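Engineer: What follows is a single structure, and I will ask about it in a moment.
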Amino acid sequence: MVLSDVKVLDLTHYIAGPFCTKYLADYGSDVIKIEKTGAGDGARHLGPFPGDNPHPEKSGLFLFLNTNKRSITLNLKSPIGTSIVKRLAQDADILVENFRPGVMAGLGLDYETLSKINPHIVYTSISNFGQNGPYRGYKTTELVSQALGGVSLTCGVADREPVRLAGPQSQFHAGLVAAVATMSAFLLARKTGAGQQVDVSIMEAEINIHELDMMSYPYSGEHHMKRNGSFVGNYPWSIYPCQDGLVAVCLNNRQWRRIGDWLGMPELSQNPDYATPAQRLAHMDELEAILVPWLAQRTTSEVTASAQQARIPVLPVNSIKETLEDRHFQARNYFINIDHPLAGRYKYPGLPFKIAPAAENAPRPAPALGQHNHDIYYGELGYSKEELVYFNQTGVI
Amino acid sequence: MNSLPLEGIRVIDLTISWAGPKVTQCLADMGAEVIKVESIQYVDAQRGRKRVPPGMCHYPDKEPGKRPWNRYDAANQINRNKLSITLDLTRPQGTQIFKKLVAIADVVVDSFSPRVMAKFGLDYDALKAIKHDIIAMSMPAFGMSGPYRDYISWGNMLECLVGLASARGYPDSEPFMYHAYSDPICGLTGAFALQLALHHRENTGEGQFIDLAQLEAFTPLSAELIFDYEMNERIHTPMGNRHSYMAPHSVYRCRGEDDWIAIAVSSDHEWQGLTEALGRPDWAADVKFANSLGRSQHQDELDGLIQVWASSQDKYEAMHRLQAAGVPAGALLSEKEQFENPHLKERGIFEKITHPDAGTHFYPGTTWKLSKTPGHIRLPAPLLGEHNELVLGKLLGLSNEEIAGLKTDRIIGDEPVDGADS
């Protein structure tokens with residue numbers, strides 16, 4: 001695959017870091033995931049679990065985030081542990097870590113140290129708030145990151161409390177930012193031989209979500225994004241009930257001019273009173289009196305098909321079940337089945353894009369904790385069997 | 001000064017809206033020469049409308065000015081570090097020039113629906129015939145194949161399609177639309193994809209075509225929902241700000257207008273920290289709050305107690321106090337408060353830039369930091385067609401007369417024709 005000549009040393013855990021290295025692994029990098037002895041990556045203990053029974057090899061989140069990686073266990077607090085990281089770093093192209101700022105330096109594994117061993121290494125750090133600044137040591141969770149990232153305050157309905165986005169969006173987002181930045185640094189390192197440090201903050205990654213909307217403040221002193229539910233300066237721009245579910249209906253002016261074709265009411269698109277978003281918002285009540293019952297009498301699939309036929313953006317609001325069964329995904333073979341020896345066979349989201357050369361082998365499931373200890377310590381680093389026994393007994397691996 | 005990672009890479013950028021321009025913003029920030037190919041016949045909605053009354057917050061001082069399309073906030077943020085030319089690709093004169101540009105380019109990227117590039121005669125086969133190792137990426141909402149191939153959508157609808165919108169919101173009311181956060185996700189994914197393709201070309205000398213369906217690039221962000229359905233047939237419904245096992249876990253109204261603090265307690269240790277920070281040993285001693293199960297079961301009561309405390313608090317002071325006690329807590333920041341935030345300021349996230357038509361303002365810069373080659377806003381966003389002379393003349397060698405002819409024929413220009421906005 002495209003990254004099959006790339007070696008990654010993965011010192012990440014939970015979500016943001018593993019999402020970054022998942023994309024590197026899924027496109028062919030050899031990702032060696034170093035997990036702490038005993039418990040391993042904390043994501044192994046986050047659900048969902050089959051039957052809601054926690055098991056460190058069966059976390060859905062962990063299974064998803066760690067496909068195509070190899071796992072070794074290592075106690076980073078032991079001198080042998082850090083010396084092993086240094087050996088692995090010697091021929092790694094990329095190191096990704098998401099410890100609290102200062103932890104890697106405390107272990108003697110900071111960029112300055114490792115770049116002396118391997119000057120071309122790209123050393124990516126993902127953290128809650130970045131490697132410096134007054135919030136550097138602050139704690140966060142998804143809810144708190146969305147709050148400080150400026151997302152929460154704009155999400156919700158007027159006169160109600162702000163609500164968070166579903167899922168660990170800020171952490172996924174930061175992982176992706178890290179993947180982009182790491183690739184840039186890596187391409188340069190391949191060209192010049194010189195690596196560097198990459199510093200990604202989850203709070204700052206969230207700025208990407210509203211970088212366009214936030215500009216109204218320096219431009220005009222006003223906030224464009226407000227908690228006003230669906231309608232952001234346009235109509236129709238909302239979610240509506242149909243007979244059997246919900247649809248999203250969002251039209252710009254050009255599309256509004258075609259709404260008559262869709263609803264079979266040509267007079268609607270020709271009416272000069274409804275020509276601009278501001279006018280339509282001003283007449284929202286009378287327009288809702290037309291649109292709402294029309295939609296309520298039809299099914300989501302009828303409504304979607306007829307709107308798309310008229311080149312009007314209407315799409316269903318799916319439950320996750322409907323998403324998984326969607327015929328478009330099926331036609332494009334998007335979801336892939338992966339068997340895991342303990343957790344079983346599940347449908348995984350597939351590659352976010354396909355790129356040549358395609359994979360020759362089937363994707364590998366997430367590794368069991370320390371599954372590759374023998375392969376890597378004995379087979380690749382050349383430690384003897386006696387040394388491995390010693391490492392095991394002393395809690396190094 | 002080190003050269004930037006993508007210096008020497010030339011990107012021809014046909015993208016519109018947000019996801020596509022986010023791809024090229026990332027590449028431009030990292031040093032690529034991005035030539036945005038716009039059109040005076042069909043102007044990107046991110047430049048706003050051609051004629052606008054004063055008073056809209058998208059324009060500096062709410063004044064659209066003589067050339068509103070050069071003063072619109074979204075375009076001026078997403079297009080920094082890029083060049084702009086205009087071409088009418090619906091006419092052969094336009095596509096001929098475009099093809100000359102392809103001959104000296106590394107990457108061509110578009111975010112049209114699948115039929116558009118073919119209609120221009122600029123599909124991948126055509127581009128490849130001009131330059132054998134060209135890297136091209138199309139990033140329509142649904143990809144280049146499949147039953148929804150020609151469906152149209154907006155970015156915010158993808159959240160609805162992948163099951164995330166129906167899992168977000170208030171437990172007691174219908175879902176509502178949020179804005180298109182799939183766009184930056186797909187933009188970042190696209191920037192990652194193109195860098196992989198550049199790596200492949202470096203290794204093999206081969207270009208390629210990438211079909212990036214925005215729907216597919218966004219779906220991984222539903223992973224938790226997907227696995228919970230597959231493993232337990234559970235369909236998540238909105239739970240407001242609550243969490244399946246953390247409690248308390250919510251936002252609380254503070255002193256001030258629309259001021260809130262988010263508090264998320266993920267362990268008994270953090271709970272003890274919270275009770276200490278708030279001076280409530282009685283809560284700490286209350287057995288029903290002693291573990292996360294108890295706190296979850298008595299969440300209504302707990303939220304009420306914390307809300308009473310929060311009402312009289314300043315959100316920043318409350319955050320600092322809770323953080324000092326080891327409790328994850330954060331003020332809900334408005335856009336203004338982000339620009340003024342001491343942490344983001346010290347991190348150097350915002351850069352002050354002077355734009356010829358819009359004036360001097362702060363903009364959010366590159367949202368990651370490379371120690372040796374940091375991304376900066378080197379150039380303000382281009383005016384529409386600002387680099388026509390530079391690109392067509394200097395780069396492609398067209399004569400002044402030829403360029404003047406193209407202007408007369410409205411193949412190029414620097415002002416949208418009437419009706420060019422959507």
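Chain identifiers are assigned as A, B, and so on, following the order in which chains appear in the structure tokens; residues are numbered from 1 within each chain, and ligands are numbered from 1 in order of appearance.
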Pick out the residues sitting within 10 Å of Gly205 in chain B, and hand them over as an MDAnalysis selection string; count only C-alpha atoms, and ignore anything fewer than 4 positions along from it in its own chain.
Structural biologist: chainID B and resid 132:134 198:201
Engineer: Tell me as a compact mmCIF listing (two decimals) with C-alpha atoms, in the first residue's frame which residues belonging to chain B come within 6 Å of chain A, counting only C-alpha atoms.
Structural biologist:
# COMPACT_ATOMS: atom_id res chain seq x y z
CA PRO B 5 7.04 20.90 3.38
CA CYS B 57 -21.99 40.72 9.86
CA HIS B 58 -19.95 38.93 7.17
CA PRO B 60 -15.84 44.38 7.62
CA ASP B 61 -17.78 46.96 9.61
CA LYS B 62 -20.91 45.46 8.00
CA ASP B 73 -15.42 36.73 5.74
CA ALA B 74 -15.61 33.03 4.82
CA GLY B 146 -23.26 4.33 -6.58
CA PRO B 147 -26.98 5.07 -6.56
CA TYR B 151 -27.64 13.43 -5.49
CA ILE B 152 -27.07 16.92 -4.24
CA SER B 153 -26.58 17.81 -0.63
CA CYS B 160 -27.99 13.40 9.25
CA LEU B 161 -27.05 10.55 6.92
CA VAL B 162 -24.43 8.94 9.15
CA GLY B 163 -26.64 8.72 12.22
CA LEU B 164 -24.95 11.48 14.21
CA ALA B 167 -28.02 10.99 18.35
CA ARG B 168 -27.42 14.67 19.16
CA PHE B 176 -32.39 20.03 14.67
CA MET B 177 -29.82 20.92 12.08
CA TYR B 181 -18.73 20.07 10.54
CA PHE B 192 -4.13 13.66 3.97
CA HIS B 200 3.41 7.48 -3.96
CA LEU B 212 -13.12 10.82 -2.13
CA GLU B 216 -17.38 7.98 3.39
CA ALA B 217 -14.71 10.28 4.81
CA PRO B 220 -15.72 6.90 10.61
CA GLU B 224 -19.07 4.38 18.44
CA PHE B 227 -20.30 -0.68 16.95
CA ASP B 228 -22.91 -0.22 19.64
CA MET B 231 -22.77 -5.36 19.19
CA ASN B 232 -25.95 -4.55 21.09
CA GLY B 240 -28.44 16.28 25.89
CA ASN B 241 -25.10 16.77 27.59
CA ALA B 262 -19.05 22.47 31.21
CA PRO B 328 -12.22 18.61 33.90
CA ALA B 329 -14.12 21.86 33.48
CA GLY B 330 -14.25 24.46 30.76
CA ALA B 331 -16.01 27.72 30.02
CA LEU B 332 -18.16 27.64 26.90
CA LEU B 333 -16.34 30.14 24.73
CA SER B 334 -17.95 32.38 22.18
CA GLU B 335 -16.10 33.35 19.04
CA HIS B 343 -4.22 30.47 26.15
CA GLU B 346 0.01 32.57 23.95
CA THR B 367 -4.31 24.69 13.57
CA TRP B 368 -1.17 22.62 14.07
CA LYS B 369 2.41 23.52 14.77
CA LEU B 370 5.50 22.22 13.04
CA SER B 371 8.60 23.14 15.04
CA SER B 422 -26.43 31.48 -6.10
Engineer: Separation of CA of Arg364 in chain A and CA of Ile338 in chain A, in Å?
Structural biologist: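 CA of Arg364 in chain A sits 7.3 Å away from CA of Ile338 in chain A.
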Engineer: Quick one: everything within 7 Å of Pro364 in chain B, counting only C-alpha atoms, minus sequence neighbours fewer than 6 positions away in the same chain. Send it as a list in words.
Structural biologist: Glu211 of chain A; Ile349, Phe350 and Glu351 of chain B
Engineer: Keeping only N, CA and C atoms, write the selected residues to a file as a compact mmCIF listing (two decimals), in the first residue's frame.
Structural biologist:
# COMPACT_ATOMS: atom_id res chain seq x y z
N GLU A 211 -14.17 27.89 11.82
CA GLU A 211 -13.24 28.95 11.41
C GLU A 211 -13.89 29.97 10.48
N ILE B 349 -2.29 31.36 17.92
CA ILE B 349 -3.21 30.79 16.95
C ILE B 349 -3.74 31.84 15.97
N PHE B 350 -3.91 33.06 16.45
CA PHE B 350 -4.50 34.08 15.57
C PHE B 350 -3.41 34.97 14.99
N GLU B 351 -3.56 35.27 13.71
CA GLU B 351 -2.57 36.10 13.03
C GLU B 351 -3.24 37.34 12.47
Engineer: Could you pull the residues within 8 Å of Ala247 in chain B, counting only C-alpha atoms, minus those fewer than 2 positions along the same chain, as a count of residues only?
Structural biologist: 11
Engineer: Please provide the set of residues having any atom within 10 Å of range 76-87 of chain A, restricted to only C-alpha atoms, with same-chain residues fewer than 5 positions apart removed, written as a list in words.
Structural biologist: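 So, after excluding close chain neighbours, the residues are Leu9, Leu11, Ile34, Glu35, Lys36, Thr37, Ala92, Met104, Gly106, Leu107, Gly108, Leu109, Thr113, Leu114, Ile117, Asn118, Tyr377, Leu381, Phe391, Thr394, Gly395, Val396 and Ile397 of chain A.
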Engineer: Could you dump the residues just selected with C-alpha atoms as a compact mmCIF listing (two decimals), in the first residue's frame?
Structural biologist:
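Saved the output as part.txt:
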# COMPACT_ATOMS: atom_id res chain seq x y z
CA LEU A 9 6.17 4.08 16.63
CA LEU A 11 2.79 5.71 21.92
CA ILE A 34 3.35 0.35 22.63
CA GLU A 35 0.89 -0.34 25.40
CA LYS A 36 1.42 -0.20 29.12
CA THR A 37 1.86 -3.56 30.77
CA ALA A 92 11.09 4.77 12.81
CA MET A 104 7.67 12.05 27.50
CA GLY A 106 10.12 13.02 32.15
CA LEU A 107 10.77 9.59 30.69
CA GLY A 108 13.79 10.90 28.81
CA LEU A 109 11.98 10.33 25.52
CA THR A 113 16.80 13.06 22.89
CA LEU A 114 15.25 10.96 20.13
CA ILE A 117 19.38 9.03 17.83
CA ASN A 118 17.37 9.52 14.65
CA TYR A 377 11.34 -8.33 20.77
CA LEU A 381 15.06 -6.59 17.97
CA PHE A 391 11.59 -8.82 30.96
CA THR A 394 10.45 -7.96 36.04
CA GLY A 395 7.34 -6.40 34.54
CA VAL A 396 9.16 -4.71 31.66
CA ILE A 397 6.86 -6.35 29.12
Engineer: How many Å lie between CA of Thr237 in chain B and CA of Pro171 in chain B, rounded to one decimal?
Structural biologist: 7.3 Å
Engineer: Please return as a list in words: the residues of range 185-390 of chain A that backbone DSSP assigns to strand (DSSP E or B).
Structural biologist: Gln197, Val198, Asp199, Val200, Ser201, Trp237, Ser238, Ile239, Tyr240, Pro241, Leu246, Val247, Ala248, Val249, Cys250, Val314, Leu315, Pro316, Val317, Ile336, Asn337, Ile338, Asp339, His340, Gly344, Arg345, Tyr346, Lys347 and Tyr348 of chain A
Engineer: Got time to write the residues from that selection, C-alpha atoms, as a CSV table (one decimal), in the first residue's frame?
Structural biologist:
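Written out: selection31.csv:
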chain,number,residue,atom,x,y,z
A,197,GLN,CA,8.2,18.1,16.1
A,198,VAL,CA,4.5,18.4,15.4
A,199,ASP,CA,2.3,19.9,18.1
A,200,VAL,CA,-1.5,19.3,17.9
A,201,SER,CA,-4.0,20.5,20.4
A,237,TRP,CA,-33.1,24.9,6.3
A,238,SER,CA,-34.3,22.3,8.8
A,239,ILE,CA,-35.4,18.8,9.7
A,240,TYR,CA,-39.0,17.8,9.1
A,241,PRO,CA,-41.1,14.8,9.9
A,246,LEU,CA,-37.3,12.6,9.3
A,247,VAL,CA,-35.8,14.4,6.4
A,248,ALA,CA,-33.4,17.3,6.1
A,249,VAL,CA,-34.4,20.0,3.7
A,250,CYS,CA,-31.9,22.8,2.9
A,314,VAL,CA,-33.3,16.6,0.6
A,315,LEU,CA,-31.9,13.6,2.4
A,316,PRO,CA,-33.1,11.3,5.2
A,317,VAL,CA,-32.1,11.7,8.8
A,336,ILE,CA,-15.8,-4.0,5.5
A,337,ASN,CA,-16.1,-7.1,7.6
A,338,ILE,CA,-13.3,-7.9,9.9
A,339,ASP,CA,-13.0,-11.0,12.0
A,340,HIS,CA,-11.5,-10.7,15.4
A,344,GLY,CA,-16.0,-11.8,16.6
A,345,ARG,CA,-17.0,-10.5,13.1
A,346,TYR,CA,-18.3,-6.9,12.7
A,347,LYS,CA,-18.8,-4.4,9.9
A,348,TYR,CA,-16.2,-1.6,10.1
Engineer: Residues at most 7 Å from range 112-120 of chain B, counting only C-alpha atoms, excluding those fewer than 2 positions away in the same chain, as a list in words?
Structural biologist: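 Here the answer would be Leu89, Thr90, Asp110, Leu122, Asp123, Pro140, Met144 and Asp150 of chain B.
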Engineer: Report the distance between CA of Asn81 in chain B and CA of Gly20 in chain B in Å, rounded to one decimal place.
Structural biologist: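 Between these atoms lies a distance of 14.9 Å.
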Engineer: Quick check for you: according to DSSP on this backbone, which residues of range 232-409 of chain B are classed as helix (DSSP H, G or I)? Reply as a VMD selection string.
Structural biologist: chain B and resid 232 268 to 277 281 to 285 287 to 289 292 to 297 299 to 310 315 to 324 335 to 339 342 to 346 388 to 395 400 to 408
